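Listing of my_file-v9.cif; format and content: mmCIF, C-alpha atoms.
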```
data_query
#
loop_
_atom_site.label_atom_id
_atom_site.label_comp_id
_atom_site.auth_asym_id
_atom_site.auth_seq_id
_atom_site.Cartn_x
_atom_site.Cartn_y
_atom_site.Cartn_z
CA LEU A 7 31.66 -29.59 13.81
CA ALA A 8 35.18 -28.16 13.83
CA ALA A 9 35.85 -29.73 10.44
CA LEU A 10 32.62 -28.28 8.99
CA ARG A 11 33.68 -24.84 10.13
CA LYS A 12 37.07 -25.14 8.50
CA LYS A 13 36.40 -26.94 5.22
CA ASP A 14 33.90 -25.55 2.71
CA SER A 15 33.59 -28.82 0.77
CA LEU A 16 32.54 -30.70 3.92
CA TYR A 17 30.04 -27.98 4.79
CA GLU A 18 28.48 -28.18 1.31
CA ALA A 19 28.24 -31.97 1.56
CA PHE A 20 26.61 -31.61 4.98
CA LEU A 21 24.02 -29.17 3.59
CA SER A 22 23.18 -31.58 0.76
CA TYR A 23 22.47 -34.34 3.28
CA ILE A 24 20.23 -32.31 5.58
CA THR A 25 18.25 -30.29 3.01
CA ILE A 26 15.04 -31.80 1.63
CA ASN A 27 15.07 -31.82 -2.17
CA VAL A 28 11.83 -33.67 -2.87
CA THR A 29 10.08 -31.80 -5.68
CA GLU A 30 8.55 -32.27 -9.12
CA PHE A 31 7.04 -30.26 -11.96
CA TYR A 32 3.45 -29.12 -11.46
CA ARG A 33 3.36 -30.47 -7.90
CA ASN A 34 -0.24 -30.26 -6.60
CA PRO A 35 -1.84 -29.49 -10.01
CA GLY A 36 -4.99 -27.95 -8.52
CA GLN A 37 -2.94 -25.25 -6.85
CA TRP A 38 -1.22 -24.40 -10.12
CA ASP A 39 -4.64 -24.12 -11.80
CA THR A 40 -5.55 -21.52 -9.17
CA PHE A 41 -2.23 -19.78 -9.77
CA GLU A 42 -2.86 -19.54 -13.52
CA LYS A 43 -6.58 -18.78 -13.59
CA GLU A 44 -7.08 -16.61 -10.51
CA ILE A 45 -3.78 -15.24 -9.20
CA LEU A 46 -1.82 -14.54 -12.37
CA PRO A 47 -4.52 -12.40 -14.06
CA MET A 48 -4.54 -10.06 -11.04
CA VAL A 49 -0.76 -9.73 -11.15
CA LEU A 50 -0.61 -9.16 -14.91
CA GLN A 51 -3.15 -6.35 -14.60
CA ARG A 52 -0.63 -4.48 -12.47
CA SER A 53 2.61 -5.45 -14.23
CA SER A 54 3.41 -6.67 -17.74
CA THR A 55 6.77 -7.96 -16.51
CA PRO A 56 6.08 -9.33 -13.01
CA LYS A 57 8.97 -9.93 -10.65
CA ILE A 58 8.71 -13.43 -9.22
CA TRP A 59 10.91 -15.05 -6.58
CA SER A 60 10.85 -18.82 -6.11
CA CYS A 61 12.72 -19.38 -2.84
CA ALA A 62 14.03 -22.75 -1.71
CA CYS A 63 13.68 -23.84 -5.33
CA SER A 64 15.64 -27.10 -4.93
CA THR A 65 16.50 -28.60 -8.36
CA GLY A 66 14.44 -26.09 -10.33
CA GLU A 67 11.15 -27.83 -11.08
CA GLU A 68 9.07 -25.13 -9.39
CA PRO A 69 10.51 -21.99 -11.06
CA TYR A 70 10.51 -23.73 -14.43
CA THR A 71 6.85 -24.65 -13.89
CA ILE A 72 6.11 -20.97 -13.24
CA ALA A 73 8.01 -19.97 -16.39
CA MET A 74 6.04 -22.40 -18.57
CA ILE A 75 2.73 -21.14 -17.21
CA LEU A 76 3.77 -17.52 -17.78
CA ALA A 77 4.87 -18.36 -21.33
CA LYS A 78 1.19 -18.90 -22.18
CA TYR A 79 0.62 -15.17 -21.60
CA LEU A 80 3.96 -13.41 -22.01
CA THR A 81 6.83 -13.59 -24.47
CA PRO A 82 9.96 -15.20 -22.95
CA ASP A 83 11.85 -11.89 -22.89
CA LYS A 84 9.28 -10.57 -20.36
CA ILE A 85 9.58 -13.55 -18.02
CA LYS A 86 12.13 -12.97 -15.26
CA ILE A 87 12.09 -15.39 -12.34
CA LEU A 88 14.62 -15.39 -9.54
CA ALA A 89 15.09 -18.84 -8.01
CA SER A 90 17.15 -19.38 -4.88
CA ASP A 91 18.27 -22.21 -2.62
CA ILE A 92 20.82 -22.83 0.11
CA ASP A 93 22.01 -26.08 -1.53
CA ASP A 94 24.56 -25.36 -4.27
CA ALA A 95 24.42 -28.96 -5.53
CA ALA A 96 20.68 -28.61 -6.09
CA ILE A 97 21.22 -25.32 -7.91
CA ALA A 98 23.78 -26.98 -10.19
CA LYS A 99 21.21 -29.63 -11.14
CA ALA A 100 18.62 -26.92 -11.72
CA LYS A 101 20.93 -25.12 -14.14
CA GLU A 102 21.59 -28.38 -16.01
CA ALA A 103 17.80 -28.85 -16.30
CA LYS A 104 17.73 -32.58 -17.05
CA TYR A 105 14.95 -34.51 -15.33
CA SER A 106 13.61 -38.03 -14.90
CA PHE A 107 10.24 -39.24 -16.14
CA LYS A 108 8.97 -39.14 -12.54
CA SER A 109 9.79 -35.44 -12.24
CA VAL A 110 7.74 -34.46 -15.31
CA GLU A 111 4.95 -37.01 -14.85
CA SER A 112 2.38 -34.46 -13.62
CA LEU A 113 3.16 -31.87 -16.30
CA PRO A 114 0.46 -31.18 -18.91
CA ASN A 115 1.38 -32.83 -22.21
CA GLU A 116 1.46 -29.45 -23.95
CA PHE A 117 4.39 -28.41 -21.76
CA LYS A 118 6.27 -31.69 -22.17
CA SER A 119 6.02 -31.67 -25.96
CA LYS A 120 6.76 -27.96 -26.36
CA TYR A 121 9.56 -27.34 -23.87
CA PHE A 122 11.43 -30.63 -23.44
CA ARG A 123 13.51 -32.94 -25.57
CA HIS A 124 14.89 -36.40 -24.83
CA SER A 125 18.59 -36.27 -24.06
CA GLU A 126 21.10 -38.99 -24.89
CA ASP A 127 21.05 -40.23 -21.28
CA ASP A 128 17.27 -40.78 -21.48
CA LYS A 129 16.37 -37.67 -19.49
CA PHE A 130 13.86 -34.94 -20.21
CA GLU A 131 16.01 -31.92 -20.98
CA LEU A 132 14.44 -28.48 -20.74
CA LYS A 133 14.90 -26.26 -23.78
CA CYS A 134 16.80 -22.98 -23.53
CA LEU A 135 13.66 -20.97 -24.28
CA ILE A 136 12.47 -21.65 -20.72
CA LYS A 137 15.86 -22.06 -19.06
CA ARG A 138 16.74 -18.46 -19.95
CA CYS A 139 13.69 -17.19 -18.03
CA VAL A 140 15.11 -18.28 -14.67
CA GLU A 141 18.12 -16.93 -12.78
CA PHE A 142 19.45 -19.14 -9.99
CA ARG A 143 21.15 -17.80 -6.89
CA HIS A 144 22.46 -19.14 -3.57
CA LEU A 145 20.38 -17.65 -0.75
CA ASP A 146 20.00 -18.51 2.93
CA LEU A 147 16.54 -17.42 4.13
CA LEU A 148 17.85 -16.92 7.67
CA LYS A 149 20.91 -14.81 6.86
CA ASP A 150 21.01 -13.30 3.37
CA ASP A 151 19.35 -10.21 1.91
CA TYR A 152 16.01 -10.81 0.19
CA PRO A 153 15.12 -9.44 -3.26
CA MET A 154 12.82 -6.43 -3.08
CA ASP A 155 9.69 -5.24 -4.94
CA CYS A 156 8.45 -8.76 -5.73
CA ASP A 157 5.04 -9.19 -7.33
CA ILE A 158 4.94 -12.84 -6.25
CA ILE A 159 6.97 -14.85 -3.74
CA VAL A 160 6.60 -18.62 -4.01
CA CYS A 161 7.75 -20.51 -0.91
CA ARG A 162 6.15 -23.96 -0.84
CA ASN A 163 6.80 -26.92 1.45
CA VAL A 164 9.81 -25.28 3.06
CA LEU A 165 8.74 -23.43 6.18
CA ILE A 166 7.47 -26.62 7.83
CA TYR A 167 11.14 -27.31 8.59
CA PHE A 168 11.69 -24.01 10.44
CA THR A 169 11.06 -23.11 14.07
CA GLU A 170 8.18 -20.77 14.91
CA THR A 171 10.67 -18.02 15.74
CA ALA A 172 12.37 -18.40 12.37
CA LYS A 173 9.02 -18.42 10.55
CA ASP A 174 7.99 -15.19 12.28
CA MET A 175 11.18 -13.54 11.05
CA ILE A 176 10.81 -14.91 7.52
CA TYR A 177 7.17 -13.82 7.17
CA LYS A 178 8.10 -10.29 8.25
CA ARG A 179 10.91 -10.21 5.70
CA PHE A 180 8.63 -11.59 2.99
CA ASN A 181 6.26 -8.69 3.67
CA LYS A 182 9.09 -6.20 3.15
CA SER A 183 10.11 -7.94 -0.08
CA LEU A 184 6.64 -7.73 -1.60
CA LYS A 185 5.23 -4.80 -3.51
CA PRO A 186 1.95 -3.38 -2.17
CA ASN A 187 -0.70 -6.01 -3.00
CA GLY A 188 2.07 -8.48 -3.84
CA ILE A 189 1.28 -12.15 -3.33
CA LEU A 190 2.85 -14.84 -1.15
CA TYR A 191 2.18 -18.43 -2.28
CA LEU A 192 2.77 -21.12 0.38
CA GLY A 193 2.59 -24.91 0.46
CA ASN A 194 -0.45 -26.93 1.48
CA THR A 195 0.83 -27.54 5.03
CA GLU A 196 1.95 -23.98 5.71
CA GLN A 197 -1.12 -21.85 6.21
CA ILE A 198 -0.56 -18.75 8.35
CA ILE A 199 -2.90 -18.81 11.35
CA LYS A 200 -2.93 -15.04 11.94
CA PRO A 201 -1.66 -13.40 8.74
CA ASP A 202 -2.56 -9.91 9.93
CA LYS A 203 0.41 -10.16 12.33
CA TYR A 204 2.59 -9.76 9.25
CA LYS A 205 0.39 -7.23 7.40
CA LEU A 206 -0.81 -10.03 5.15
CA LYS A 207 -4.35 -11.13 4.45
CA SER A 208 -5.67 -14.39 3.07
CA LEU A 209 -6.56 -14.19 -0.62
CA LYS A 210 -7.17 -17.83 -1.49
CA THR A 211 -6.19 -21.05 0.22
CA PHE A 212 -2.36 -21.01 0.29
CA TYR A 213 -2.25 -17.43 -1.08
CA TYR A 214 -1.74 -14.22 0.88
CA THR A 215 -1.52 -10.62 -0.22
CA LYS A 216 0.40 -7.75 1.31
CA ASP A 217 -2.07 -5.33 2.87
CA GLU A 218 -0.61 -1.89 3.56
CA GLU A 219 -3.79 -0.83 5.34
CA LEU A 220 -3.36 -3.29 8.19
CA PRO A 221 -1.84 -1.72 11.32
CA GLU A 222 1.66 -2.75 12.33
CA LYS A 223 1.58 -5.24 15.21
CA PRO A 224 3.74 -4.40 18.24
CA GLU A 225 6.94 -6.47 18.35
CA GLU A 226 5.90 -8.24 21.57
CA GLU A 227 2.81 -9.66 19.81
CA LEU A 228 5.02 -11.37 17.26
CA GLN A 229 6.94 -13.35 19.86
#
```
Please express what this file holds, its structure, as structure tokens.
Amino acid sequence: LAALRKKDSLYEAFLSYITINVTEFYRNPGQWDTFEKEILPMVLQRSSTPKIWSCACSTGEEPYTIAMILAKYLTPDKIKILASDIDDAAIAKAKEAKYSFKSVESLPNEFKSKYFRHSEDDKFELKCLIKRCVEFRHLDLLKDDYPMDCDIIVCRNVLIYFTETAKDMIYKRFNKSLKPNGILYLGNTEQIIKPDKYKLKSLKTFYYTKDEELPEKPEEELQ
């Protein structure tokens, strides 16, 4: 522990070992169909250049999936996605954007043929057209400032690793980060039991919207 506190390289190695970086493109395809056909149209009605934050993005498959879906409706210059993670090694891989066959296996063929090329090391390399749509940043959900005025926050399969106290704090901060009627998209094991505690209401399974009309819950009720 003393060594981790003193040496940044050891601390980064430690983070890489304890963080879970299991992800893939188009993970849970049915949920992405809902995102494209039901959630995205509502967001695009309110903003032609939606602000989207993919937090705990791991090696980049999720934010790049979002960018490819958006590219069906917007020109690349209007697609701006912030992707963040605590693991700098994962972020470095995301910026490189070279993936195995397993990672892209669930992707629709139209995306694979349009946005990837085979690299010399037999990887699927993402083309710059989509890479430029995503900005990667180091961010600790428990300590760092959150981006504000988000139209969509995507946080999937991450909060299951947090304590209930930490989740309470994160949900409250997500609410502050969202625009009015902004949308929070969670993973399939992370449904919020009482979303009104955080001035959120259920929109679809795994989707919540910020509801400014809900009364603020007293702090003691959040404990």
Go through segment 45-142 of chain A residue by residue and, counting only C-alpha atoms, keep those with an atom at most 6 Å from segment 151-175 of chain A; for each kept residue give the shortest atom pair and its distance in Å to one decimal, ordered by chain and increasing number, as CSV.
```
residue,atom,partner,partner_atom,distance
A:Pro56,CA,A:Asp157,CA,5.8
A:Lys57,CA,A:Cys156,CA,5.1
A:Ile58,CA,A:Ile158,CA,4.8
A:Trp59,CA,A:Ile159,CA,4.9
A:Ser60,CA,A:Val160,CA,4.7
A:Cys61,CA,A:Cys161,CA,5.5
```
Written selection (C-alpha atoms) as a CSV table (one decimal), keeping the file's coordinate frame:
```
chain,number,residue,atom,x,y,z
A,56,PRO,CA,6.1,-9.3,-13.0
A,57,LYS,CA,9.0,-9.9,-10.6
A,58,ILE,CA,8.7,-13.4,-9.2
A,59,TRP,CA,10.9,-15.0,-6.6
A,60,SER,CA,10.8,-18.8,-6.1
A,61,CYS,CA,12.7,-19.4,-2.8
```
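Of note, atom CA of Ile198 of chain A and atom CA of Glu218 of chain A are spaced 17.5 Å apart.
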Inset, instruction - Given the file shown, determine the residues that the PyMOL selection byres ((chain A and resi 212) around 8) selects; report them as a PyMOL selection string. - result: chain A and resi 191-194+196-197+208+210-211+213-214
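Atom to atom, atom CA of Ala19 of chain A and atom CA of Ala96 of chain A stand 11.3 Å apart.
Shortest atom-to-atom contact with Ser183 of chain A among A:Lys133, A:Lys101, A:Lys216, A:Arg138: A:Lys216, counting only C-alpha atoms.
Using only C-alpha atoms, the smallest distance between any of A:Ser90, A:Asn187, A:Ser125, A:Lys203 and Leu145 of chain A comes from A:Ser90.
When the PyMOL selection byres ((chain A and resi 72-83) around 9) is evaluated against the file, it yields Tyr32, Trp38, Glu42, Leu46, Ser54, Thr55, Ile58, Ser60, Glu67, Glu68, Pro69, Tyr70, Thr71, Lys84, Ile85, Lys86, Ile87, Phe117, Tyr121, Leu135, Ile136, Lys137, Arg138, Cys139 and Val140 of chain A.
The two atoms in question, atom CA of Pro201 of chain A and atom CA of Phe142 of chain A, are spaced 28.8 Å apart.
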Mind working out the centre and edge lengths of an axis-aligned box for segment 197-207 of chain A, all listed atoms inside, 4 Å added to each side, rounded to one decimal in Å and written as AutoDock Vina command-line options?
```
--center_x -0.9 --center_y -14.5 --center_z 8.4 --size_x 14.9 --size_y 22.6 --size_z 15.9
```
Residues in the PyMOL selection byres ((chain A and resi 113) around 10), expressed as an mmCIF file with C-alpha atoms, in the coordinates of the input:
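See out35.cif below for the written result:
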```
data_model
loop_
_atom_site.group_PDB
_atom_site.id
_atom_site.type_symbol
_atom_site.label_atom_id
_atom_site.label_comp_id
_atom_site.auth_asym_id
_atom_site.auth_seq_id
_atom_site.Cartn_x
_atom_site.Cartn_y
_atom_site.Cartn_z
ATOM 1 C CA GLU A 30 8.550 -32.270 -9.120
ATOM 2 C CA PHE A 31 7.040 -30.260 -11.960
ATOM 3 C CA TYR A 32 3.450 -29.120 -11.460
ATOM 4 C CA ARG A 33 3.360 -30.470 -7.900
ATOM 5 C CA PRO A 35 -1.840 -29.490 -10.010
ATOM 6 C CA THR A 71 6.850 -24.650 -13.890
ATOM 7 C CA SER A 109 9.790 -35.440 -12.240
ATOM 8 C CA VAL A 110 7.740 -34.460 -15.310
ATOM 9 C CA GLU A 111 4.950 -37.010 -14.850
ATOM 10 C CA SER A 112 2.380 -34.460 -13.620
ATOM 11 C CA PRO A 114 0.460 -31.180 -18.910
ATOM 12 C CA ASN A 115 1.380 -32.830 -22.210
ATOM 13 C CA GLU A 116 1.460 -29.450 -23.950
ATOM 14 C CA PHE A 117 4.390 -28.410 -21.760
ATOM 15 C CA LYS A 118 6.270 -31.690 -22.170
#
```
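Minimum atom-to-atom distance to Glu131 of chain A, evaluated using all atoms listed in the file, belongs to A:Ala103 out of A:Ala103, A:Leu184, A:Ser119, A:Leu148.
Residue nearest Asn34 of chain A within the list A:Thr215, A:Thr195, A:Leu190, A:Lys205: A:Thr195 [criterion: smallest interatomic distance, all atoms listed in the file].
When only C-alpha atoms are used to compute distances to Phe107 of chain A, the closest of the residues A:Phe122, A:Tyr17, A:Tyr177, A:Phe41 turns out to be A:Phe122.
Closest to Gly188 of chain A among A:Arg123, A:Lys200, A:Lys129, A:Arg52 is A:Arg52, based on all atoms listed in the file.
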